[in-house]
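Colleague: Here it is: the structure, laid out below.
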Amino acid sequence: MEGLIFLVVIAVIVYAFVKGNASKSTKPNAGDPYACSGCGVQVKHSRRTISAWERGARSFYCKSCHGKWREVQSSQKPSGCLGMFVFIVVFPAIAITGLFII
Ligand SMILES: [Zn+2]
């Protein structure tokens, strides 16, 4: 009977250990292969993807997909600057000309 309990305890410990390892993703090393989340191409981890992993990212993009993403990010900036320009320059200009008209 004691032998059976011992076996069950061992089985539970092994199960918890295996399950814990399966659900917890290990830190990738430079050169480890991964599939790009954008185009699915098999690429190797670089310093960029590893630092992204350290920041909590679990899906990674290849260099060209990352470049496209950065282009999208930078192309959105001018509209933000234009909005700021309108707010800082055009809005007071309209307010001042409005004052002169009144
Ligand atoms: Zn890609």
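Following the order of the structure tokens, first chain is A, next is B, and so on, with residues numbered from 1 inside each chain and ligands from 1 in the order they appear.
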DSSP on the backbone, strand (DSSP E or B) only: what residues of chain A does that give? Format it as a VMD selection string.
Modeller: chain A and resid 33 to 35 42 to 44
Colleague: May I have all residues of chain A that DSSP, computed from the backbone, assigns to helix (DSSP H, G or I), given as a ChimeraX atom specification?
Modeller: /A:2-23,47-54,63-75,77-101
Colleague: Would you please work out which residue, of A:Ser37, A:Asn29, A:Gln73, A:Ser64, is nearest to Ser51 in chain A when using only C-alpha atoms?
Modeller: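 Answer, going by the shortest atom-to-atom distance: A:Asn29.
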Colleague: For Cys62 in chain A, please output as a PyMOL selection string all residues within 8 Å (counting only C-alpha atoms; exclusion window: fewer than 3 positions along the same chain).
Modeller: chain A and resi 36-38+41+43+65-66
Colleague: Do you know which residues are at most 12 Å from Asp32 in chain A counting only C-alpha atoms, after dropping those on the same chain fewer than 3 positions away, and could you put them as a VMD selection string?
Modeller: chain A and resid 26 to 29 35 42 to 47 49 to 50
Colleague: Distance CA of Ala30 in chain A-CA of Gly56 in chain A, one decimal place?
Modeller: 16.7 Å
